[in-house]
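Asks: Just one file: final.txt, with compact mmCIF, C-alpha atoms and all ligand atoms.
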# COMPACT_ATOMS: atom_id res chain seq x y z
CA MET A 1 122.28 50.80 64.76
CA ILE A 2 123.20 47.10 64.45
CA LYS A 3 126.85 46.19 64.33
CA LEU A 4 127.90 42.60 64.03
CA SER A 5 131.65 42.05 64.37
CA HIS A 6 133.35 38.77 63.53
CA ILE A 7 130.30 36.68 64.35
CA SER A 8 130.74 32.92 64.24
CA LYS A 9 128.25 30.33 65.36
CA GLU A 10 128.91 26.63 65.62
CA PHE A 11 126.41 23.93 66.42
CA VAL A 12 127.81 20.75 67.86
CA SER A 13 125.68 17.66 67.60
CA GLY A 14 127.43 14.46 68.60
CA LYS A 15 130.73 14.36 66.78
CA ARG A 16 129.60 16.77 64.08
CA THR A 17 130.21 20.49 64.21
CA VAL A 18 128.21 22.73 61.88
CA HIS A 19 129.82 26.08 61.17
CA ALA A 20 126.52 27.87 60.57
CA VAL A 21 128.03 31.39 60.55
CA GLN A 22 131.69 32.06 59.94
CA ASP A 23 133.33 35.34 60.84
CA VAL A 24 130.63 37.70 59.57
CA SER A 25 130.96 41.43 60.13
CA LEU A 26 128.35 43.88 58.96
CA THR A 27 126.63 47.08 59.94
CA ILE A 28 122.96 47.84 59.46
CA ASP A 29 122.12 51.53 59.62
CA LYS A 30 119.26 53.09 61.52
CA GLY A 31 116.11 53.33 59.41
CA GLU A 32 117.24 51.13 56.55
CA ILE A 33 115.68 48.01 55.10
CA PHE A 34 118.43 45.45 54.95
CA GLY A 35 118.07 42.17 53.07
CA MET A 36 119.90 38.92 53.70
CA ILE A 37 119.65 36.49 50.86
CA GLY A 38 121.01 32.99 50.41
CA PHE A 39 119.98 29.42 49.77
CA SER A 40 118.60 27.20 52.48
CA GLY A 41 121.27 26.41 55.06
CA ALA A 42 123.45 29.41 54.20
CA GLY A 43 123.22 30.65 57.79
CA LYS A 44 120.85 33.59 57.37
CA SER A 45 118.47 32.70 60.20
CA THR A 46 121.30 31.88 62.55
CA LEU A 47 123.00 35.19 61.85
CA VAL A 48 119.81 37.21 62.30
CA ARG A 49 118.96 35.34 65.49
CA CYS A 50 122.34 36.45 66.81
CA ILE A 51 121.04 40.04 66.68
CA ASN A 52 118.51 39.45 69.48
CA LEU A 53 120.54 36.59 70.94
CA LEU A 54 117.94 33.94 70.23
CA GLU A 55 121.23 32.31 69.25
CA ARG A 56 124.31 33.29 71.22
CA PRO A 57 127.26 33.55 68.87
CA THR A 58 130.20 31.26 69.57
CA SER A 59 132.40 34.29 69.07
CA GLY A 60 132.06 37.90 67.99
CA LYS A 61 130.35 41.04 69.15
CA VAL A 62 126.76 42.24 68.74
CA ILE A 63 125.92 45.90 69.24
CA VAL A 64 122.30 47.02 68.92
CA ASP A 65 121.39 50.64 69.54
CA GLY A 66 124.75 51.21 71.21
CA GLN A 67 124.30 48.29 73.60
CA ASP A 68 126.75 45.42 73.74
CA MET A 69 124.15 42.65 73.73
CA LEU A 70 126.48 39.94 75.01
CA SER A 71 127.34 41.87 78.15
CA LEU A 72 123.72 42.37 79.30
CA SER A 73 122.25 40.69 82.36
CA ALA A 74 119.20 38.47 81.82
CA LYS A 75 116.92 41.31 82.89
CA GLU A 76 118.64 43.87 80.67
CA LEU A 77 118.48 41.45 77.76
CA ARG A 78 114.72 41.03 78.23
CA GLN A 79 114.36 44.81 78.07
CA ALA A 80 116.63 45.10 75.01
CA ARG A 81 114.68 42.35 73.21
CA LYS A 82 111.45 44.31 73.60
CA LYS A 83 112.95 46.86 71.24
CA ILE A 84 113.66 44.17 68.64
CA GLY A 85 110.47 42.76 67.11
CA MET A 86 110.51 39.57 65.08
CA ILE A 87 108.19 37.87 62.61
CA PHE A 88 108.42 34.40 61.09
CA GLN A 89 107.43 32.40 58.03
CA HIS A 90 104.69 30.48 59.87
CA PHE A 91 103.46 33.47 61.89
CA ASN A 92 103.71 31.67 65.30
CA LEU A 93 100.37 32.96 66.57
CA MET A 94 98.65 31.50 69.61
CA PRO A 95 95.63 29.64 68.21
CA SER A 96 93.58 29.78 71.41
CA ARG A 97 93.74 33.58 71.64
CA THR A 98 91.90 36.10 69.53
CA VAL A 99 93.76 38.46 67.24
CA ALA A 100 93.54 41.15 69.94
CA GLY A 101 94.73 38.62 72.55
CA ASN A 102 97.77 37.77 70.43
CA VAL A 103 98.72 41.40 69.94
CA ALA A 104 98.12 42.25 73.62
CA TYR A 105 100.28 39.35 74.81
CA PRO A 106 103.65 41.16 74.76
CA LEU A 107 102.08 44.07 76.66
CA ARG A 108 101.38 42.08 79.80
CA GLY A 109 103.46 43.52 82.61
CA SER A 110 104.03 46.69 80.61
CA GLY A 111 102.36 48.88 83.22
CA LEU A 112 99.60 49.94 80.82
CA SER A 113 96.01 49.76 82.07
CA LYS A 114 93.53 47.33 80.51
CA GLN A 115 91.96 50.19 78.59
CA GLN A 116 95.30 51.54 77.41
CA ILE A 117 96.23 48.06 76.17
CA GLU A 118 92.91 47.76 74.33
CA GLU A 119 93.44 51.12 72.69
CA LYS A 120 97.00 50.31 71.73
CA VAL A 121 96.03 46.94 70.28
CA GLN A 122 93.31 48.56 68.20
CA ARG A 123 95.74 51.23 66.99
CA LEU A 124 98.23 48.54 65.96
CA LEU A 125 95.57 46.51 64.17
CA ASP A 126 94.43 49.63 62.31
CA LEU A 127 98.05 50.36 61.41
CA VAL A 128 98.52 46.94 59.80
CA GLY A 129 95.15 47.10 58.03
CA ILE A 130 93.06 44.57 60.01
CA GLY A 131 91.25 46.84 62.42
CA ASP A 132 88.07 44.80 61.97
CA LYS A 133 89.60 41.45 62.98
CA ALA A 134 90.23 42.03 66.69
CA GLU A 135 87.80 39.34 67.84
CA ALA A 136 88.65 36.77 65.17
CA TYR A 137 90.80 33.70 65.88
CA PRO A 138 93.93 32.97 63.85
CA LYS A 139 92.34 29.96 62.14
CA GLN A 140 89.69 32.24 60.67
CA LEU A 141 92.31 34.37 58.89
CA SER A 142 94.17 34.11 55.59
CA GLY A 143 97.96 33.81 55.56
CA GLY A 144 98.39 37.49 54.78
CA GLN A 145 96.06 38.48 57.61
CA LYS A 146 97.90 36.19 60.02
CA GLN A 147 101.18 37.84 59.10
CA ARG A 148 99.59 41.23 59.72
CA VAL A 149 98.61 40.07 63.22
CA ALA A 150 102.20 38.87 63.77
CA ILE A 151 103.50 42.25 62.63
CA ALA A 152 101.13 44.10 64.97
CA ARG A 153 102.27 41.86 67.82
CA ALA A 154 105.93 42.49 66.94
CA LEU A 155 105.26 46.23 67.08
CA ALA A 156 103.50 46.13 70.47
CA ASN A 157 106.51 47.33 72.44
CA ASP A 158 107.43 50.06 69.92
CA PRO A 159 110.60 48.36 68.72
CA ASN A 160 113.38 50.14 66.83
CA VAL A 161 114.18 47.02 64.83
CA LEU A 162 111.98 44.47 63.09
CA LEU A 163 113.58 41.15 62.12
CA CYS A 164 111.68 39.28 59.41
CA ASP A 165 112.66 35.63 58.99
CA GLU A 166 111.24 34.49 55.62
CA ALA A 167 108.12 36.46 56.49
CA THR A 168 106.60 36.17 53.03
CA SER A 169 107.78 32.68 52.05
CA ALA A 170 104.45 31.04 52.88
CA LEU A 171 102.41 33.64 50.99
CA ASP A 172 101.25 33.90 47.39
CA PRO A 173 102.90 36.56 45.19
CA GLN A 174 100.11 39.12 45.55
CA THR A 175 99.94 38.79 49.33
CA THR A 176 103.74 38.90 49.45
CA LYS A 177 103.64 42.23 47.67
CA ALA A 178 101.04 43.60 50.08
CA ILE A 179 103.04 42.52 53.15
CA LEU A 180 106.25 43.99 51.69
CA GLN A 181 104.43 47.26 51.06
CA LEU A 182 103.25 47.22 54.66
CA LEU A 183 106.82 46.69 55.90
CA LYS A 184 107.97 49.55 53.70
CA HIS A 185 105.21 51.76 55.04
CA LEU A 186 106.16 50.95 58.65
CA ASN A 187 109.80 51.67 57.84
CA GLU A 188 108.90 55.02 56.35
CA THR A 189 106.34 56.14 58.91
CA LEU A 190 107.84 54.74 62.13
CA GLY A 191 111.49 54.95 61.08
CA ILE A 192 111.90 51.33 62.16
CA THR A 193 114.99 49.46 60.94
CA VAL A 194 113.93 46.33 59.06
CA VAL A 195 116.07 43.23 58.50
CA ILE A 196 114.65 40.81 55.96
CA ILE A 197 115.81 37.24 55.46
CA THR A 198 114.76 35.79 52.14
CA HIS A 199 115.74 33.39 49.40
CA GLU A 200 113.94 35.47 46.78
CA MET A 201 115.73 38.26 44.98
CA ALA A 202 112.33 39.70 44.04
CA VAL A 203 111.79 40.52 47.72
CA VAL A 204 115.14 42.30 47.89
CA LYS A 205 114.40 44.18 44.67
CA GLU A 206 111.00 45.25 45.93
CA ILE A 207 111.93 46.97 49.19
CA CYS A 208 115.51 46.62 50.42
CA HIS A 209 118.03 49.44 50.45
CA ARG A 210 121.05 47.21 50.98
CA VAL A 211 121.59 43.48 50.80
CA ALA A 212 124.09 40.89 51.96
CA VAL A 213 124.42 37.64 50.02
CA MET A 214 125.24 34.63 52.20
CA GLU A 215 126.77 31.32 51.19
CA HIS A 216 128.15 28.60 53.48
CA GLY A 217 127.96 30.76 56.58
CA LYS A 218 129.74 33.73 55.05
CA VAL A 219 128.71 37.02 53.50
CA VAL A 220 130.14 36.76 50.00
CA GLU A 221 128.86 40.06 48.65
CA SER A 222 127.02 43.07 50.04
CA GLY A 223 126.10 46.59 49.06
CA GLU A 224 123.35 48.87 47.81
CA VAL A 225 120.64 46.91 46.08
CA PHE A 226 120.90 48.92 42.89
CA ASN A 227 124.65 48.37 42.62
CA ILE A 228 124.36 44.67 43.37
CA PHE A 229 121.72 44.29 40.64
CA ALA A 230 123.71 46.37 38.18
CA ASN A 231 127.10 44.77 38.79
CA PRO A 232 126.88 41.47 40.65
CA ARG A 233 130.33 40.00 41.27
CA GLU A 234 129.68 36.50 42.61
CA ASP A 235 128.08 33.67 40.65
CA ILE A 236 125.55 33.05 43.40
CA THR A 237 124.44 36.68 43.22
CA LYS A 238 124.15 36.51 39.44
CA ASN A 239 122.01 33.39 39.77
CA PHE A 240 119.70 35.06 42.25
CA ILE A 241 119.35 38.08 39.98
CA HIS A 242 118.58 35.98 36.92
CA THR A 243 115.64 34.48 38.75
CA THR A 244 114.01 37.90 38.82
CA SER A 245 114.58 38.79 35.20
CA ASN A 246 113.34 37.34 31.93
CA LEU A 247 116.23 38.81 29.94
CA ARG A 248 118.02 35.45 30.00
CA LYS A 249 115.13 33.82 28.16
CA ILE A 250 116.59 35.03 24.91
CA GLU A 251 119.24 32.30 25.07
CA ASP A 252 116.47 29.68 25.37
CA LEU A 253 114.62 31.18 22.41
CA ILE A 254 117.79 31.02 20.32
CA ALA A 255 118.46 27.42 21.40
CA GLU A 256 114.88 26.53 20.44
CA ASP A 257 115.32 28.34 17.10
CA SER A 258 112.16 30.30 17.81
CA PRO A 259 110.72 32.32 14.89
CA VAL A 260 110.93 35.38 17.17
CA VAL A 261 114.72 35.39 16.89
CA LYS A 262 115.02 34.76 13.13
CA LEU A 263 117.32 37.41 11.66
CA ASN A 264 117.65 38.86 8.19
CA PRO A 265 121.18 39.38 6.89
CA GLY A 266 122.77 42.44 8.50
CA GLU A 267 120.65 42.29 11.67
CA LEU A 268 121.72 41.42 15.18
CA ILE A 269 120.17 40.73 18.55
CA VAL A 270 121.46 42.71 21.49
CA ARG A 271 120.74 42.72 25.18
CA LEU A 272 120.89 46.23 26.60
CA SER A 273 121.26 46.47 30.38
CA TYR A 274 120.99 49.48 32.57
CA ILE A 275 124.04 49.43 34.77
CA GLN A 276 124.08 52.95 36.14
CA ARG A 277 121.58 55.05 37.95
CA ASN A 278 121.63 57.97 35.54
CA VAL A 279 119.99 56.32 32.56
CA SER A 280 117.04 58.59 32.24
CA GLU A 281 117.17 59.56 28.58
CA PRO A 282 114.79 57.78 26.24
CA LEU A 283 117.77 55.92 24.81
CA ILE A 284 115.99 53.57 22.47
CA SER A 285 114.23 56.31 20.58
CA THR A 286 117.33 58.51 20.70
CA VAL A 287 119.60 55.92 19.08
CA SER A 288 117.08 54.92 16.49
CA ARG A 289 116.65 58.54 15.39
CA LYS A 290 120.26 59.60 15.75
CA PHE A 291 121.69 56.64 13.83
CA ASP A 292 118.78 55.85 11.55
CA ILE A 293 118.49 52.29 12.76
CA VAL A 294 115.45 50.22 13.70
CA LEU A 295 115.25 48.64 17.14
CA ASN A 296 112.64 45.95 17.29
CA ILE A 297 112.13 45.08 20.95
CA ILE A 298 111.66 41.35 21.57
CA PHE A 299 111.13 41.83 25.28
CA SER A 300 111.93 44.22 28.05
CA ASP A 301 112.28 43.81 31.76
CA ILE A 302 112.69 47.05 33.57
CA ALA A 303 111.98 47.52 37.25
CA ILE A 304 112.42 50.56 39.40
CA VAL A 305 114.92 49.77 42.14
CA GLN A 306 115.64 52.54 44.64
CA ASN A 307 114.00 55.04 42.30
CA ALA A 308 116.15 54.19 39.28
CA PRO A 309 115.38 51.94 36.32
CA ILE A 310 117.21 48.63 36.29
CA GLY A 311 116.95 45.70 33.97
CA GLY A 312 117.08 45.97 30.24
CA THR A 313 115.78 45.21 26.82
CA VAL A 314 116.46 42.54 24.22
CA ALA A 315 116.06 43.88 20.70
CA ILE A 316 116.79 43.15 17.06
CA ILE A 317 118.76 45.98 15.46
CA SER A 318 118.70 46.57 11.73
CA GLY A 319 120.35 49.31 9.72
CA SER A 320 123.61 49.97 7.96
CA ARG A 321 126.68 48.28 9.38
CA ASP A 322 128.39 51.59 10.24
CA GLN A 323 125.34 53.09 11.87
CA ILE A 324 124.86 50.00 14.02
CA THR A 325 128.49 50.14 15.15
CA GLN A 326 128.13 53.81 16.06
CA ALA A 327 124.84 53.20 17.86
CA ILE A 328 126.43 50.48 20.00
CA ALA A 329 129.36 52.75 20.84
CA TYR A 330 126.93 55.52 21.77
CA LEU A 331 124.94 53.23 24.10
CA SER A 332 128.13 52.03 25.80
CA GLU A 333 129.18 55.66 26.28
CA LYS A 334 125.86 56.27 27.98
CA ASN A 335 126.65 53.44 30.40
CA VAL A 336 124.25 50.96 28.92
CA GLY A 337 125.63 47.41 28.92
CA VAL A 338 125.51 46.06 25.36
CA GLU A 339 125.84 42.33 24.69
CA VAL A 340 125.55 40.98 21.17
CA ILE A 341 123.57 37.77 21.48
CA LYS A 342 123.19 36.79 17.83
CA ASP A 343 124.83 38.39 14.82
CA ALA A 344 123.81 38.07 11.18
CA ARG A 345 126.12 40.87 10.03
CA VAL A 346 128.92 38.45 9.14
CA SER A 347 126.99 37.12 6.19
CA GLU A 348 126.90 40.57 4.60
N1 LIG B 401 119.90 24.52 66.44
C1 LIG B 401 120.68 23.99 65.48
N2 LIG B 401 121.38 22.86 65.74
C2 LIG B 401 122.20 22.32 64.80
N3 LIG B 401 122.40 22.84 63.57
C3 LIG B 401 121.72 23.96 63.26
C4 LIG B 401 120.82 24.59 64.19
N4 LIG B 401 120.30 25.69 63.61
C5 LIG B 401 120.82 25.75 62.37
N5 LIG B 401 121.68 24.71 62.17
C6 LIG B 401 122.46 24.47 60.95
O1 LIG B 401 123.16 25.66 60.62
C7 LIG B 401 123.19 25.85 59.23
C8 LIG B 401 122.60 27.20 58.88
O2 LIG B 401 121.20 27.18 59.17
P1 LIG B 401 120.24 28.44 59.02
O3 LIG B 401 118.87 28.03 59.42
O4 LIG B 401 120.86 29.59 59.69
O5 LIG B 401 120.30 28.70 57.46
P2 LIG B 401 119.32 29.58 56.57
O6 LIG B 401 120.19 30.21 55.56
O7 LIG B 401 118.53 30.46 57.43
O8 LIG B 401 118.45 28.48 55.91
P3 LIG B 401 116.84 28.38 55.85
O9 LIG B 401 116.43 29.41 54.86
O10 LIG B 401 116.61 26.98 55.38
O11 LIG B 401 116.37 28.64 57.24
C9 LIG B 401 122.46 24.68 58.62
O12 LIG B 401 123.39 23.70 58.22
C10 LIG B 401 121.59 24.18 59.75
O13 LIG B 401 121.33 22.81 59.61
Once more with this new file: its structure as structure tokens, please.

Replies:
Amino acid sequence: MIKLSHISKEFVSGKRTVHAVQDVSLTIDKGEIFGMIGFSGAGKSTLVRCINLLERPTSGKVIVDGQDMLSLSAKELRQARKKIGMIFQHFNLMPSRTVAGNVAYPLRGSGLSKQQIEEKVQRLLDLVGIGDKAEAYPKQLSGGQKQRVAIARALANDPNVLLCDEATSALDPQTTKAILQLLKHLNETLGITVVIITHEMAVVKEICHRVAVMEHGKVVESGEVFNIFANPREDITKNFIHTTSNLRKIEDLIAEDSPVVKLNPGELIVRLSYIQRNVSEPLISTVSRKFDIVLNIIFSDIAIVQNAPIGGTVAIISGSRDQITQAIAYLSEKNVGVEVIKDARVSE
């Protein structure tokens, strides 16, 4: 669907050259939700803008829907861009036009009659959940509603691709969730390919199928979201993942000598992480029964990513030394990551 090959983009300002994107190759499949994550300045926006040639790459090849974008004439490019919708962090609505006027704007010159445009605009507004706002002006809307207008506008020409540049970064967490659910719904019902730029791993976790992690203009890691969460390779990826999980808080609690992590002799604290898709057994209750040990959960953080549980549990284990050893071996066998965080067995 989208194939970027050896894309580089340099910006020259005065004597300085910024290598915003450096030799990036990646393929985004038809109908998937693809995330691009990285810190500010990593080159995400520049790379995504190379897809619709809002930025022309300095070198490389861009294929969208089988078309070599860089070989198109100006007219052909205008046509191709109609099939690539885009939304932005600050919505970019026209303040002097009504909601309906904003959504109708890309349909001028489309050959549709005034009535057909009106009907289409209303259908789009209904689709994004603001069917009653057609006559409102952008300033009368909340951030979430404005982004819905922007999405409706981006869908006006029935695009195959929707590029989302930090589309939820200006929204509160609840509104972010609602907009992400809307994007997911559009992906599922219209089959539209969605590319999401974000600096929040929570966004990736919520709706993306695959993700590419960018740093200094390069893609340093990419893959299925579940696999990236389960086995991140790069430090930057690990850092992004830790921001979405509270399982690291245990180290802070230990450093603070919190009463929650006080152990009796023979006990230990473990962090259990789900690192494979097939963890469906009720493992905690199984091990506690099978090995006659007690697992006292301090906290848990389990999310469903791509229909499989990911995350883990931090727990205090008590029981006989042998049983604990066997229980840990059993969990490892079942592909649960086991890290011993604090161990009071040595004093036995
Ligand atoms: N038009 C431009 N002229 C000069 N430099 C630019 C231009 N656009 C981007 N850059 C530079 O390219 C680099 C990558 O920027 P880009 O906006 O792609 O990063 P990003 O990962 O999307 O960051 P952010 O999330 O802050 O938008 C940065 O160093 C930026 O300053």

Asks: Which polymer residues have any atom within 12 Å of an atom of Ala329 of chain A, counting all atoms listed in the file, with same-chain residues fewer than 6 positions away left out, as a list in words?

Replies: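 Here the answer would be Val287, Phe291, Asp322, Gln323, Asn335, Val336, Gly337, Val338 and Glu339 of chain A.
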
Asks: For ligand LIG 401 (chain B), return the neighbouring residues as a PDB file with C-alpha atoms, in the frame of the given file (distance at most 7 Å; only C-alpha atoms and all ligand atoms).

Replies:
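Final output, out23.pdb:
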ATOM      1  CA  PHE A  11     126.410  23.930  66.420  1.00  0.00           C
ATOM      2  CA  VAL A  12     127.810  20.750  67.860  1.00  0.00           C
ATOM      3  CA  SER A  13     125.680  17.660  67.600  1.00  0.00           C
ATOM      4  CA  VAL A  18     128.210  22.730  61.880  1.00  0.00           C
ATOM      5  CA  HIS A  19     129.820  26.080  61.170  1.00  0.00           C
ATOM      6  CA  ALA A  20     126.520  27.870  60.570  1.00  0.00           C
ATOM      7  CA  GLY A  38     121.010  32.990  50.410  1.00  0.00           C
ATOM      8  CA  PHE A  39     119.980  29.420  49.770  1.00  0.00           C
ATOM      9  CA  SER A  40     118.600  27.200  52.480  1.00  0.00           C
ATOM     10  CA  GLY A  41     121.270  26.410  55.060  1.00  0.00           C
ATOM     11  CA  ALA A  42     123.450  29.410  54.200  1.00  0.00           C
ATOM     12  CA  GLY A  43     123.220  30.650  57.790  1.00  0.00           C
ATOM     13  CA  LYS A  44     120.850  33.590  57.370  1.00  0.00           C
ATOM     14  CA  SER A  45     118.470  32.700  60.200  1.00  0.00           C
ATOM     15  CA  THR A  46     121.300  31.880  62.550  1.00  0.00           C
ATOM     16  CA  LEU A  47     123.000  35.190  61.850  1.00  0.00           C
ATOM     17  CA  HIS A 199     115.740  33.390  49.400  1.00  0.00           C
ATOM     18  CA  GLY A 217     127.960  30.760  56.580  1.00  0.00           C
TER      19      GLY A 217
END

Asks: Can you pull out every residue within 12 Å of Ile28 of chain A, counting only C-alpha atoms, but drop anything in the same chain fewer than 4 positions away, and send it as a VMD selection string?

Replies: chain A and resid 1 to 5 32 to 36 48 51 62 to 65 161 163 192 to 196 208 to 212 222 to 224

Asks: Around the point (112.7, 35.6, 58.9) (coordinates from the file), which residues reach within 8 Å if we count only C-alpha atoms? Answer as an mmCIF file with C-alpha atoms, in the coordinates of the input.

Replies:
data_model
loop_
_atom_site.group_PDB
_atom_site.id
_atom_site.type_symbol
_atom_site.label_atom_id
_atom_site.label_comp_id
_atom_site.auth_asym_id
_atom_site.auth_seq_id
_atom_site.Cartn_x
_atom_site.Cartn_y
_atom_site.Cartn_z
ATOM 1 C CA SER A 45 118.470 32.700 60.200
ATOM 2 C CA MET A 86 110.510 39.570 65.080
ATOM 3 C CA ILE A 87 108.190 37.870 62.610
ATOM 4 C CA PHE A 88 108.420 34.400 61.090
ATOM 5 C CA GLN A 89 107.430 32.400 58.030
ATOM 6 C CA LEU A 163 113.580 41.150 62.120
ATOM 7 C CA CYS A 164 111.680 39.280 59.410
ATOM 8 C CA ASP A 165 112.660 35.630 58.990
ATOM 9 C CA GLU A 166 111.240 34.490 55.620
ATOM 10 C CA ALA A 167 108.120 36.460 56.490
ATOM 11 C CA ILE A 196 114.650 40.810 55.960
ATOM 12 C CA ILE A 197 115.810 37.240 55.460
ATOM 13 C CA THR A 198 114.760 35.790 52.140
#

Asks: Near Ala255 of chain A, counting all atoms listed in the file, which residues have an atom at most 12 Å away, once you skip same-chain residues fewer than 6 positions from it, shown as a VMD selection string?

Replies: chain A and resid 248 to 249 261 to 262 341 to 342
